[in-house]
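So this block is target24.cif, mmCIF, C-alpha atoms and all ligand atoms:
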data_work
loop_
_atom_site.group_PDB
_atom_site.id
_atom_site.type_symbol
_atom_site.label_atom_id
_atom_site.label_comp_id
_atom_site.auth_asym_id
_atom_site.auth_seq_id
_atom_site.Cartn_x
_atom_site.Cartn_y
_atom_site.Cartn_z
ATOM 1 C CA MET A 1376 -15.577 -16.680 86.193
ATOM 2 C CA LYS A 1377 -14.780 -13.153 85.025
ATOM 3 C CA LYS A 1378 -11.327 -13.501 86.490
ATOM 4 C CA GLU A 1379 -10.744 -16.756 84.552
ATOM 5 C CA ASN A 1380 -11.855 -15.102 81.305
ATOM 6 C CA LYS A 1381 -9.477 -12.246 81.952
ATOM 7 C CA LYS A 1382 -6.665 -14.725 82.618
ATOM 8 C CA HIS A 1383 -7.536 -16.661 79.444
ATOM 9 C CA LEU A 1384 -7.565 -13.480 77.311
ATOM 10 C CA GLY A 1385 -4.291 -12.457 78.849
ATOM 11 C CA ARG A 1386 -2.676 -15.750 77.814
ATOM 12 C CA ARG A 1387 -4.087 -15.419 74.279
ATOM 13 C CA GLN A 1388 -2.742 -11.904 73.955
ATOM 14 C CA PHE A 1389 0.603 -13.089 75.268
ATOM 15 C CA LEU A 1390 0.722 -15.858 72.625
ATOM 16 C CA LYS A 1391 -0.250 -13.353 69.910
ATOM 17 C CA LYS A 1392 2.576 -11.072 70.995
ATOM 18 C CA CYS A 1393 5.029 -13.980 70.911
ATOM 19 C CA ALA A 1394 3.930 -14.947 67.365
ATOM 20 C CA LYS A 1395 4.255 -11.310 66.253
ATOM 21 C CA ALA A 1396 7.745 -11.088 67.756
ATOM 22 C CA VAL A 1397 8.844 -14.306 65.991
ATOM 23 C CA CYS A 1398 7.444 -13.064 62.645
ATOM 24 C CA THR A 1399 9.123 -9.692 63.064
ATOM 25 C CA GLY A 1400 12.385 -11.457 63.898
ATOM 26 C CA LEU A 1401 12.147 -13.643 60.796
ATOM 27 C CA LEU A 1402 11.284 -10.635 58.636
ATOM 28 C CA LEU A 1403 14.235 -8.676 59.968
ATOM 29 C CA SER A 1404 16.612 -11.566 59.356
ATOM 30 C CA PHE A 1405 15.408 -11.797 55.730
ATOM 31 C CA VAL A 1406 15.839 -8.055 55.250
ATOM 32 C CA GLU A 1407 19.297 -8.304 56.777
ATOM 33 C CA PHE A 1408 20.155 -11.288 54.547
ATOM 34 C CA LYS A 1409 18.988 -9.458 51.435
ATOM 35 C CA ASN A 1410 21.087 -6.427 52.324
ATOM 36 C CA VAL A 1411 24.133 -8.605 52.882
ATOM 37 C CA TRP A 1412 23.590 -10.434 49.610
ATOM 38 C CA ALA A 1413 23.015 -7.172 47.709
ATOM 39 C CA LYS A 1414 26.334 -5.855 49.040
ATOM 40 C CA GLN A 1415 28.099 -9.108 48.246
ATOM 41 C CA VAL A 1416 27.016 -9.421 44.629
ATOM 42 C CA GLY A 1417 27.188 -5.669 44.069
ATOM 43 C CA ASN A 1418 30.827 -5.670 45.311
ATOM 44 C CA GLY A 1419 30.099 -2.273 46.835
ATOM 45 C CA ASP A 1420 30.288 -0.959 43.264
ATOM 46 C CA LYS A 1421 28.913 2.267 41.884
ATOM 47 C CA SER A 1422 26.005 0.601 40.115
ATOM 48 C CA ALA A 1423 23.452 1.378 42.844
ATOM 49 C CA GLU A 1424 20.340 3.107 41.544
ATOM 50 C CA ARG A 1425 21.109 2.073 37.964
ATOM 51 C CA LYS A 1426 18.585 -0.045 36.176
ATOM 52 C CA TYR A 1427 19.569 -2.262 33.312
ATOM 53 C CA ALA A 1428 17.434 -3.197 30.342
ATOM 54 C CA MET A 1429 17.826 -5.360 27.271
ATOM 55 C CA GLY A 1430 16.464 -4.455 23.871
ATOM 56 C CA ILE A 1431 15.607 -7.046 21.227
ATOM 57 C CA ASP A 1432 15.105 -6.060 17.614
ATOM 58 C CA ILE A 1433 13.030 -8.819 16.071
ATOM 59 C CA HIS A 1434 13.707 -7.580 12.534
ATOM 60 C CA LYS A 1435 17.413 -8.209 13.066
ATOM 61 C CA CYS A 1436 17.246 -11.700 14.616
ATOM 62 C CA ILE A 1437 18.190 -14.424 12.124
ATOM 63 C CA GLY A 1438 17.551 -17.334 14.492
ATOM 64 C CA CYS A 1439 21.161 -18.516 14.482
ATOM 65 C CA GLY A 1440 20.978 -19.493 18.168
ATOM 66 C CA ARG A 1441 24.463 -18.241 19.042
ATOM 67 C CA CYS A 1442 23.061 -16.251 21.946
ATOM 68 C CA ALA A 1443 21.426 -19.300 23.536
ATOM 69 C CA ASP A 1444 24.605 -21.325 23.051
ATOM 70 C CA ALA A 1445 26.833 -18.590 24.528
ATOM 71 C CA CYS A 1446 24.478 -18.298 27.501
ATOM 72 C CA LYS A 1447 24.705 -22.034 28.235
ATOM 73 C CA LYS A 1448 28.496 -21.922 28.106
ATOM 74 C CA GLU A 1449 28.848 -18.739 30.149
ATOM 75 C CA ASN A 1450 26.403 -19.760 32.866
ATOM 76 C CA LYS A 1451 26.986 -23.523 32.899
ATOM 77 C CA VAL A 1452 23.371 -24.233 32.018
ATOM 78 C CA PRO A 1453 22.856 -28.010 31.504
ATOM 79 C CA ARG A 1454 23.264 -28.889 27.808
ATOM 80 C CA GLU A 1455 20.170 -31.103 27.725
ATOM 81 C CA PRO A 1456 17.093 -29.668 25.993
ATOM 82 C CA HIS A 1457 14.491 -27.971 28.205
ATOM 83 C CA TYR A 1458 17.101 -26.159 30.333
ATOM 84 C CA PHE A 1459 17.544 -22.600 29.099
ATOM 85 C CA ARG A 1460 18.228 -19.171 30.478
ATOM 86 C CA THR A 1461 17.537 -17.775 27.021
ATOM 87 C CA TRP A 1462 16.061 -19.381 23.938
ATOM 88 C CA ILE A 1463 14.710 -18.476 20.484
ATOM 89 C CA GLU A 1464 11.184 -19.049 19.257
ATOM 90 C CA ARG A 1465 10.232 -19.111 15.594
ATOM 91 C CA TYR A 1466 6.825 -17.751 14.639
ATOM 92 C CA ILE A 1467 5.414 -19.176 11.426
ATOM 93 C CA VAL A 1468 2.416 -17.148 10.311
ATOM 94 C CA PRO A 1469 0.204 -18.853 7.745
ATOM 95 C CA ILE A 1470 -1.900 -16.975 5.199
ATOM 96 C CA LYS A 1471 -4.937 -18.487 6.872
ATOM 97 C CA GLY A 1472 -5.192 -19.628 10.488
ATOM 98 C CA GLU A 1473 -3.202 -19.225 13.690
ATOM 99 C CA PRO A 1474 0.586 -18.780 13.875
ATOM 100 C CA VAL A 1475 2.660 -21.829 14.790
ATOM 101 C CA VAL A 1476 5.564 -21.436 17.229
ATOM 102 C CA ASP A 1477 8.511 -23.827 17.412
ATOM 103 C CA SER A 1478 11.811 -23.809 19.271
ATOM 104 C CA PRO A 1479 13.756 -27.033 18.636
ATOM 105 C CA ASN A 1480 16.447 -27.310 21.337
ATOM 106 C CA GLY A 1481 15.798 -23.667 22.160
ATOM 107 C CA GLY A 1482 17.045 -22.681 18.711
ATOM 108 C CA ILE A 1483 20.677 -23.402 19.669
ATOM 109 C CA ASP A 1484 21.262 -25.444 16.513
ATOM 110 C CA GLY A 1485 19.283 -23.069 14.308
ATOM 111 C CA PHE A 1486 15.936 -23.987 12.738
ATOM 112 C CA PRO A 1487 15.092 -26.563 10.083
ATOM 113 C CA GLU A 1488 14.080 -25.172 6.707
ATOM 114 C CA LEU A 1489 10.364 -25.075 6.069
ATOM 115 C CA LYS A 1490 9.150 -27.409 3.374
ATOM 116 C CA GLY A 1491 6.052 -26.665 1.336
ATOM 117 C CA ASP A 1492 5.952 -23.090 2.566
ATOM 118 C CA LYS A 1493 3.490 -21.816 -0.029
ATOM 119 C CA GLY A 1494 0.790 -21.205 2.558
ATOM 120 C CA ILE A 1495 3.120 -19.157 4.767
ATOM 121 C CA LEU A 1496 2.673 -15.409 4.997
ATOM 122 C CA LYS A 1497 5.793 -14.692 7.054
ATOM 123 C CA MET A 1498 8.214 -16.049 9.607
ATOM 124 C CA PHE A 1499 10.294 -14.361 12.302
ATOM 125 C CA PHE A 1500 12.384 -15.170 15.373
ATOM 126 C CA VAL A 1501 11.824 -14.021 18.940
ATOM 127 C CA PRO A 1502 14.618 -14.417 21.510
ATOM 128 C CA LYS A 1503 13.265 -14.836 25.035
ATOM 129 C CA LEU A 1504 14.678 -14.728 28.554
ATOM 130 C CA CYS A 1505 13.794 -13.543 32.051
ATOM 131 C CA ASN A 1506 12.270 -10.074 31.749
ATOM 132 C CA HIS A 1507 13.678 -8.847 35.065
ATOM 133 C CA CYS A 1508 10.233 -7.522 35.822
ATOM 134 C CA ALA A 1509 9.925 -4.401 37.951
ATOM 135 C CA HIS A 1510 6.945 -6.139 39.610
ATOM 136 C CA PRO A 1511 8.106 -9.774 39.557
ATOM 137 C CA PRO A 1512 5.539 -12.420 40.557
ATOM 138 C CA CYS A 1513 8.436 -14.842 41.186
ATOM 139 C CA VAL A 1514 9.792 -12.620 43.967
ATOM 140 C CA GLN A 1515 6.355 -12.194 45.503
ATOM 141 C CA VAL A 1516 5.725 -15.932 45.864
ATOM 142 C CA CYS A 1517 9.153 -17.094 47.072
ATOM 143 C CA PRO A 1518 8.536 -18.188 50.682
ATOM 144 C CA VAL A 1519 12.157 -17.837 51.837
ATOM 145 C CA GLY A 1520 13.374 -14.694 50.074
ATOM 146 C CA ALA A 1521 15.796 -16.665 47.882
ATOM 147 C CA THR A 1522 14.462 -14.880 44.792
ATOM 148 C CA PHE A 1523 14.906 -11.159 45.117
ATOM 149 C CA THR A 1524 15.526 -7.932 43.209
ATOM 150 C CA SER A 1525 19.033 -6.505 43.497
ATOM 151 C CA ARG A 1526 19.458 -2.851 44.335
ATOM 152 C CA ASP A 1527 20.101 -2.171 40.643
ATOM 153 C CA GLY A 1528 16.890 -3.834 39.535
ATOM 154 C CA VAL A 1529 18.084 -7.280 38.449
ATOM 155 C CA VAL A 1530 16.008 -10.262 39.605
ATOM 156 C CA LEU A 1531 18.335 -12.889 41.093
ATOM 157 C CA VAL A 1532 18.149 -16.233 42.901
ATOM 158 C CA ASP A 1533 20.410 -17.040 45.832
ATOM 159 C CA PRO A 1534 20.957 -20.805 45.493
ATOM 160 C CA LYS A 1535 22.061 -21.057 49.121
ATOM 161 C CA TYR A 1536 18.568 -20.160 50.286
ATOM 162 C CA CYS A 1537 16.423 -21.741 47.548
ATOM 163 C CA VAL A 1538 14.452 -24.699 48.939
ATOM 164 C CA GLY A 1539 13.403 -25.975 45.489
ATOM 165 C CA CYS A 1540 9.655 -25.559 46.099
ATOM 166 C CA ARG A 1541 9.062 -24.462 42.444
ATOM 167 C CA TYR A 1542 6.603 -21.700 43.408
ATOM 168 C CA CYS A 1543 8.586 -19.154 41.375
ATOM 169 C CA ILE A 1544 8.643 -21.449 38.337
ATOM 170 C CA GLN A 1545 4.865 -21.706 38.456
ATOM 171 C CA ALA A 1546 4.411 -17.978 39.108
ATOM 172 C CA CYS A 1547 6.555 -16.735 36.212
ATOM 173 C CA PRO A 1548 4.169 -15.916 33.355
ATOM 174 C CA TYR A 1549 7.023 -16.056 30.824
ATOM 175 C CA GLY A 1550 8.307 -19.584 31.476
ATOM 176 C CA ALA A 1551 11.716 -18.072 32.191
ATOM 177 C CA ARG A 1552 12.744 -20.364 35.055
ATOM 178 C CA TYR A 1553 13.712 -24.010 35.365
ATOM 179 C CA MET A 1554 14.705 -26.361 38.151
ATOM 180 C CA HIS A 1555 18.406 -27.148 37.932
ATOM 181 C CA PRO A 1556 18.607 -30.951 37.613
ATOM 182 C CA GLU A 1557 21.738 -31.332 39.762
ATOM 183 C CA LYS A 1558 21.596 -28.400 42.139
ATOM 184 C CA HIS A 1559 17.816 -28.761 42.726
ATOM 185 C CA VAL A 1560 17.384 -25.009 42.910
ATOM 186 C CA ALA A 1561 15.505 -22.587 40.633
ATOM 187 C CA ASP A 1562 17.659 -21.080 37.893
ATOM 188 C CA LYS A 1563 17.197 -18.390 35.240
ATOM 189 C CA CYS A 1564 18.851 -15.495 33.398
ATOM 190 C CA THR A 1565 20.722 -12.991 35.571
ATOM 191 C CA PHE A 1566 21.504 -10.566 32.713
ATOM 192 C CA CYS A 1567 24.980 -12.100 33.289
ATOM 193 C CA TYR A 1568 25.156 -10.149 36.551
ATOM 194 C CA HIS A 1569 28.735 -11.267 37.126
ATOM 195 C CA ARG A 1570 29.676 -9.578 33.834
ATOM 196 C CA ILE A 1571 27.518 -6.430 33.789
ATOM 197 C CA THR A 1572 28.692 -5.361 37.240
ATOM 198 C CA LYS A 1573 32.214 -5.354 35.760
ATOM 199 C CA GLY A 1574 31.134 -3.219 32.817
ATOM 200 C CA LEU A 1575 30.931 -6.161 30.373
ATOM 201 C CA LEU A 1576 27.966 -7.070 28.184
ATOM 202 C CA PRO A 1577 25.814 -10.158 28.819
ATOM 203 C CA ALA A 1578 27.258 -13.102 26.853
ATOM 204 C CA CYS A 1579 24.200 -13.302 24.549
ATOM 205 C CA VAL A 1580 24.536 -9.650 23.578
ATOM 206 C CA GLU A 1581 28.269 -9.936 22.985
ATOM 207 C CA VAL A 1582 28.011 -12.817 20.513
ATOM 208 C CA CYS A 1583 24.956 -11.726 18.513
ATOM 209 C CA PRO A 1584 26.254 -11.282 14.948
ATOM 210 C CA THR A 1585 23.445 -8.949 13.861
ATOM 211 C CA LYS A 1586 23.230 -6.777 16.994
ATOM 212 C CA ALA A 1587 19.651 -7.916 17.488
ATOM 213 C CA ARG A 1588 20.293 -7.751 21.231
ATOM 214 C CA ILE A 1589 21.122 -4.420 22.888
ATOM 215 C CA PHE A 1590 21.963 -3.839 26.535
ATOM 216 C CA GLY A 1591 22.561 -0.836 28.723
ATOM 217 C CA GLU A 1592 21.691 1.405 31.608
ATOM 218 C CA VAL A 1593 18.278 2.995 31.457
ATOM 219 C CA ASP A 1594 19.352 6.140 33.310
ATOM 220 C CA ASN A 1595 22.368 6.813 31.123
ATOM 221 C CA PRO A 1596 21.291 9.029 28.172
ATOM 222 C CA THR A 1597 24.258 7.829 26.080
ATOM 223 C CA SER A 1598 23.670 4.097 26.587
ATOM 224 C CA PRO A 1599 22.722 1.892 23.612
ATOM 225 C CA ILE A 1600 19.415 0.960 25.244
ATOM 226 C CA ARG A 1601 18.348 4.602 25.370
ATOM 227 C CA ARG A 1602 19.201 4.979 21.676
ATOM 228 C CA PHE A 1603 17.309 1.757 20.938
ATOM 229 C CA ALA A 1604 14.242 3.076 22.781
ATOM 230 C CA ARG A 1605 14.461 6.409 20.938
ATOM 231 C CA LEU A 1606 14.652 4.797 17.504
ATOM 232 C CA HIS A 1607 11.971 2.124 17.842
ATOM 233 C CA THR A 1608 8.420 1.609 18.932
ATOM 234 C CA ILE A 1609 8.908 -0.512 22.004
ATOM 235 C CA THR A 1610 6.638 -3.229 23.339
ATOM 236 C CA VAL A 1611 6.949 -5.712 26.191
ATOM 237 C CA LEU A 1612 5.578 -9.224 26.523
ATOM 238 C CA LYS A 1613 2.172 -9.644 28.180
ATOM 239 C CA PRO A 1614 1.786 -5.964 29.109
ATOM 240 C CA SER A 1615 -1.667 -6.565 30.617
ATOM 241 C CA LEU A 1616 -0.043 -8.410 33.525
ATOM 242 C CA ASN A 1617 1.622 -5.199 34.744
ATOM 243 C CA THR A 1618 4.875 -6.991 35.513
ATOM 244 C CA GLU A 1619 6.781 -4.114 33.850
ATOM 245 C CA PRO A 1620 9.431 -6.124 32.006
ATOM 246 C CA MET A 1621 12.926 -4.713 31.516
ATOM 247 C CA VAL A 1622 13.311 -6.624 28.243
ATOM 248 C CA LEU A 1623 12.069 -4.359 25.484
ATOM 249 C CA TYR A 1624 11.084 -5.568 22.038
ATOM 250 C CA ALA A 1625 11.137 -3.711 18.731
ATOM 251 C CA GLY A 1626 9.057 -5.203 15.936
ATOM 252 C CA ALA A 1627 7.039 -7.572 18.149
ATOM 253 C CA GLU A 1628 3.508 -7.988 16.915
ATOM 254 C CA GLY A 1629 0.519 -8.619 19.149
ATOM 255 C CA MET A 1630 0.749 -12.354 18.500
ATOM 256 C CA VAL A 1631 4.123 -12.497 20.306
ATOM 257 C CA ARG A 1632 3.477 -13.347 23.931
HETATM 258 FE FE1 LIG B 1 19.009 -13.805 16.979
HETATM 259 FE FE2 LIG B 1 21.355 -12.655 17.631
HETATM 260 FE FE3 LIG B 1 20.462 -14.752 19.015
HETATM 261 FE FE4 LIG B 1 21.366 -15.093 16.493
HETATM 262 S S1 LIG B 1 22.566 -14.444 18.273
HETATM 263 S S2 LIG B 1 19.493 -15.943 17.403
HETATM 264 S S3 LIG B 1 20.645 -13.173 15.574
HETATM 265 S S4 LIG B 1 19.490 -12.735 18.896
HETATM 266 FE FE1 LIG B 2 10.468 -13.408 37.568
HETATM 267 FE FE2 LIG B 2 9.596 -14.499 35.280
HETATM 268 FE FE3 LIG B 2 9.596 -11.802 35.581
HETATM 269 FE FE4 LIG B 2 11.909 -13.156 35.324
HETATM 270 S S1 LIG B 2 10.272 -12.989 33.778
HETATM 271 S S2 LIG B 2 11.451 -11.527 36.843
HETATM 272 S S3 LIG B 2 11.467 -15.067 36.399
HETATM 273 S S4 LIG B 2 8.383 -13.284 36.759
#

Could you quickly redo this structure as structure tokens?
Amino acid sequence: MKKENKKHLGRRQFLKKCAKAVCTGLLLSFVEFKNVWAKQVGNGDKSAERKYAMGIDIHKCIGCGRCADACKKENKVPREPHYFRTWIERYIVPIKGEPVVDSPNGGIDGFPELKGDKGILKMFFVPKLCNHCAHPPCVQVCPVGATFTSRDGVVLVDPKYCVGCRYCIQACPYGARYMHPEKHVADKCTFCYHRITKGLLPACVEVCPTKARIFGEVDNPTSPIRRFARLHTITVLKPSLNTEPMVLYAGAEGMVR
């Protein structure tokens, strides 16, 4: 009897060891894949260790929507409404009551004029996009490692590995992701990674006529984003979530979420 128990335990331990070995193998292959991908998209460039950030000055945004349009063109985002890597929200704050937020077609075509605006205290525009969080919930929930943080701090999706489970879309507290209707993979802003790694600006920053969007390297003391941070009181969206966004807002009031 004792012998049988011993034999049984031995088999259980053996199975446990096998499961552990398989898990370790899978983990290693993911780590390996991520390293390969990081090298591939980084082109072995000198950007390692750099962290990018975008600044948005709400006082300067006029809601023209050029940024959202340029983003769609640059990144081949489907033209239909509801698919955006970046979009503009308009906050209409009444004298009494709660603010109303609208974003017709993501603000690409601008915003309709307000009629009967006597009861309105103020109105402003808030461009939004993926925050490239330092602690990204989307990366944590992805079961296959398709969503990951590059070595220079940009949150990316590898479409080759995405299984379209939508976990990341549900996990993102900023509504920054969508399911691509043709590719059936999760999609979102990459900070125009293909451009910034060549020293170019993201398309949305390049076209903004009022310089409401600023972009640069956080570690470079001469970069525009450092100047932006020096000159403004900076806030991030939903700070209580501790996601540590890399999109920094100037002029965002508490009602902006
Ligand atoms: Fe605002 Fe600039 Fe975008 Fe126009 S292009 S909506 S001003 S951020
Ligand atoms: Fe992920 Fe959303 Fe944060 Fe972007 S904003 S890194 S999609 S959790």

task = Check what the PyMOL selection byres (((not hetatm)) within 6 of (chain B and resi 1)) selects in the file above and give those residues as a count of residues only.
result = 13

Residues within 6 Å of region 1555-1564 of chain A, only C-alpha atoms, excluding chain neighbours under 6 positions, as a ChimeraX atom specification
/A:1460,1505,1537,1539

Please produce, as CSV, a per-residue contact table for chain A versus ligand LIG 2 (chain B) (criterion: any atom at most 7 Å away, all atoms listed in the file considered), showing the nearest atom pair and its distance in Å to one decimal, sorted by chain then residue number.
residue,atom,partner,partner_atom,distance
A:Cys1505,CA,B:LIG2,FE4,3.8
A:Asn1506,CA,B:LIG2,S1,4.1
A:His1507,CA,B:LIG2,S2,3.9
A:Cys1508,CA,B:LIG2,S2,4.3
A:Pro1511,CA,B:LIG2,S4,4.5
A:Pro1512,CA,B:LIG2,S4,4.8
A:Cys1513,CA,B:LIG2,FE1,4.4
A:Val1514,CA,B:LIG2,FE1,6.5
A:Val1530,CA,B:LIG2,S2,5.5
A:Ala1546,CA,B:LIG2,S4,6.6
A:Cys1547,CA,B:LIG2,FE2,3.9
A:Pro1548,CA,B:LIG2,FE2,5.9
A:Tyr1549,CA,B:LIG2,S1,5.4
A:Gly1550,CA,B:LIG2,FE2,6.5
A:Ala1551,CA,B:LIG2,S3,5.2
A:Arg1552,CA,B:LIG2,S3,5.6
A:Lys1563,CA,B:LIG2,S3,6.7
A:Thr1618,CA,B:LIG2,FE3,6.7
A:Pro1620,CA,B:LIG2,FE3,6.7

Gly1626 (chain A) proximity check over A:Cys1543, A:Arg1454, A:Val1501, A:Cys1579, using all atoms listed in the file: winner is A:Val1501

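The interatomic distance for the pair CA of Asp1444 (chain A) and CA of Ile1483 (chain A) works out to 5.6 Å.
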
Open item on the list: Can you tell me which residues surround Ser1478 (chain A) at a distance of at most 12 Å, considering only C-alpha atoms, apart from same-chain residues fewer than 2 positions away, and format the answer as JSON, numbers by chain?
Closed with: {"A": [1438, 1439, 1440, 1443, 1456, 1457, 1459, 1461, 1462, 1463, 1464, 1465, 1466, 1467, 1475, 1476, 1480, 1481, 1482, 1483, 1484, 1485, 1486, 1487, 1499, 1500, 1501, 1502, 1503]}

Keeping C-alpha atoms, export the residues of the selection given above as a short mmCIF file (atom, residue, chain, number, x, y, z; two decimals), keeping the file's coordinate frame.
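Saved the output as part23.cif:
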data_model
loop_
_atom_site.label_atom_id
_atom_site.label_comp_id
_atom_site.auth_asym_id
_atom_site.auth_seq_id
_atom_site.Cartn_x
_atom_site.Cartn_y
_atom_site.Cartn_z
CA GLY A 1438 17.55 -17.33 14.49
CA CYS A 1439 21.16 -18.52 14.48
CA GLY A 1440 20.98 -19.49 18.17
CA ALA A 1443 21.43 -19.30 23.54
CA PRO A 1456 17.09 -29.67 25.99
CA HIS A 1457 14.49 -27.97 28.20
CA PHE A 1459 17.54 -22.60 29.10
CA THR A 1461 17.54 -17.77 27.02
CA TRP A 1462 16.06 -19.38 23.94
CA ILE A 1463 14.71 -18.48 20.48
CA GLU A 1464 11.18 -19.05 19.26
CA ARG A 1465 10.23 -19.11 15.59
CA TYR A 1466 6.82 -17.75 14.64
CA ILE A 1467 5.41 -19.18 11.43
CA VAL A 1475 2.66 -21.83 14.79
CA VAL A 1476 5.56 -21.44 17.23
CA ASN A 1480 16.45 -27.31 21.34
CA GLY A 1481 15.80 -23.67 22.16
CA GLY A 1482 17.05 -22.68 18.71
CA ILE A 1483 20.68 -23.40 19.67
CA ASP A 1484 21.26 -25.44 16.51
CA GLY A 1485 19.28 -23.07 14.31
CA PHE A 1486 15.94 -23.99 12.74
CA PRO A 1487 15.09 -26.56 10.08
CA PHE A 1499 10.29 -14.36 12.30
CA PHE A 1500 12.38 -15.17 15.37
CA VAL A 1501 11.82 -14.02 18.94
CA PRO A 1502 14.62 -14.42 21.51
CA LYS A 1503 13.26 -14.84 25.04
#

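Once region 1429-1432 of chain A and its same-chain neighbours fewer than 3 positions away are set aside, Lys1435, Cys1436, Ala1587, Arg1588, Ile1589, Phe1590, Gly1591, Ile1600, Phe1603, Met1621, Val1622, Leu1623, Tyr1624, Ala1625 and Gly1626 of chain A remain within 7 Å of it when counting all atoms listed in the file.
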
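For the set A:Arg1526, A:Val1532, A:Lys1493, A:Pro1614, the residue with the smallest atom-to-atom gap to Tyr1553 (chain A) is A:Val1532, counting only C-alpha atoms.
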
Neighbours of Tyr1542 (chain A) within 8 Å (only C-alpha atoms; same-chain residues fewer than 2 positions away dropped), as an MDAnalysis selection string?
-> chainID A and resid 1513 1516:1517 1540 1544:1546

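For the atom pair formed by CA of Ala1604 (chain A) and CA of Val1468 (chain A), the distance is 26.5 Å, given to one decimal.
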
Mind telling me what the PyMOL selection byres (((chain A and resi 1592) around 9) and not hetatm) catches here, as a PDB file with C-alpha atoms, in the coordinates of the input?
ATOM      1  CA  ARG A1425      21.109   2.073  37.964  1.00  0.00           C
ATOM      2  CA  LYS A1426      18.585  -0.045  36.176  1.00  0.00           C
ATOM      3  CA  TYR A1427      19.569  -2.262  33.312  1.00  0.00           C
ATOM      4  CA  ALA A1428      17.434  -3.197  30.342  1.00  0.00           C
ATOM      5  CA  MET A1429      17.826  -5.360  27.271  1.00  0.00           C
ATOM      6  CA  PHE A1590      21.963  -3.839  26.535  1.00  0.00           C
ATOM      7  CA  GLY A1591      22.561  -0.836  28.723  1.00  0.00           C
ATOM      8  CA  VAL A1593      18.278   2.995  31.457  1.00  0.00           C
ATOM      9  CA  ASP A1594      19.352   6.140  33.310  1.00  0.00           C
ATOM     10  CA  ASN A1595      22.368   6.813  31.123  1.00  0.00           C
ATOM     11  CA  PRO A1596      21.291   9.029  28.172  1.00  0.00           C
ATOM     12  CA  THR A1597      24.258   7.829  26.080  1.00  0.00           C
ATOM     13  CA  SER A1598      23.670   4.097  26.587  1.00  0.00           C
ATOM     14  CA  PRO A1599      22.722   1.892  23.612  1.00  0.00           C
ATOM     15  CA  ILE A1600      19.415   0.960  25.244  1.00  0.00           C
ATOM     16  CA  ARG A1601      18.348   4.602  25.370  1.00  0.00           C
TER      17      ARG A1601
END

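Take the candidates A:Glu1628, A:Leu1504, A:Gly1574, A:Thr1565 and check each one against Phe1523 (chain A) using all atoms listed in the file; the shortest distance goes to A:Thr1565.
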
Computed gap from CA of Val1611 (chain A) to CA of Arg1632 (chain A) is 8.7 Å

Legend entry - Polymer residues at most 8 Å from Tyr1536 (chain A), all atoms listed in the file, same-chain spacing of 5 or more positions, as a PyMOL selection string: chain A and resi 1519-1521

Residue with the minimum atom-to-atom distance to Leu1489 (chain A), picked from A:Lys1535, A:Val1631, A:Asp1477, A:Arg1570 with all atoms listed in the file counted, is A:Asp1477

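Distance annotation: of A:Ile1470, A:Val1452, A:Ile1609, A:Val1529, the residue with the minimal separation from Met1554 (chain A) is A:Val1452; atom set is only C-alpha atoms.
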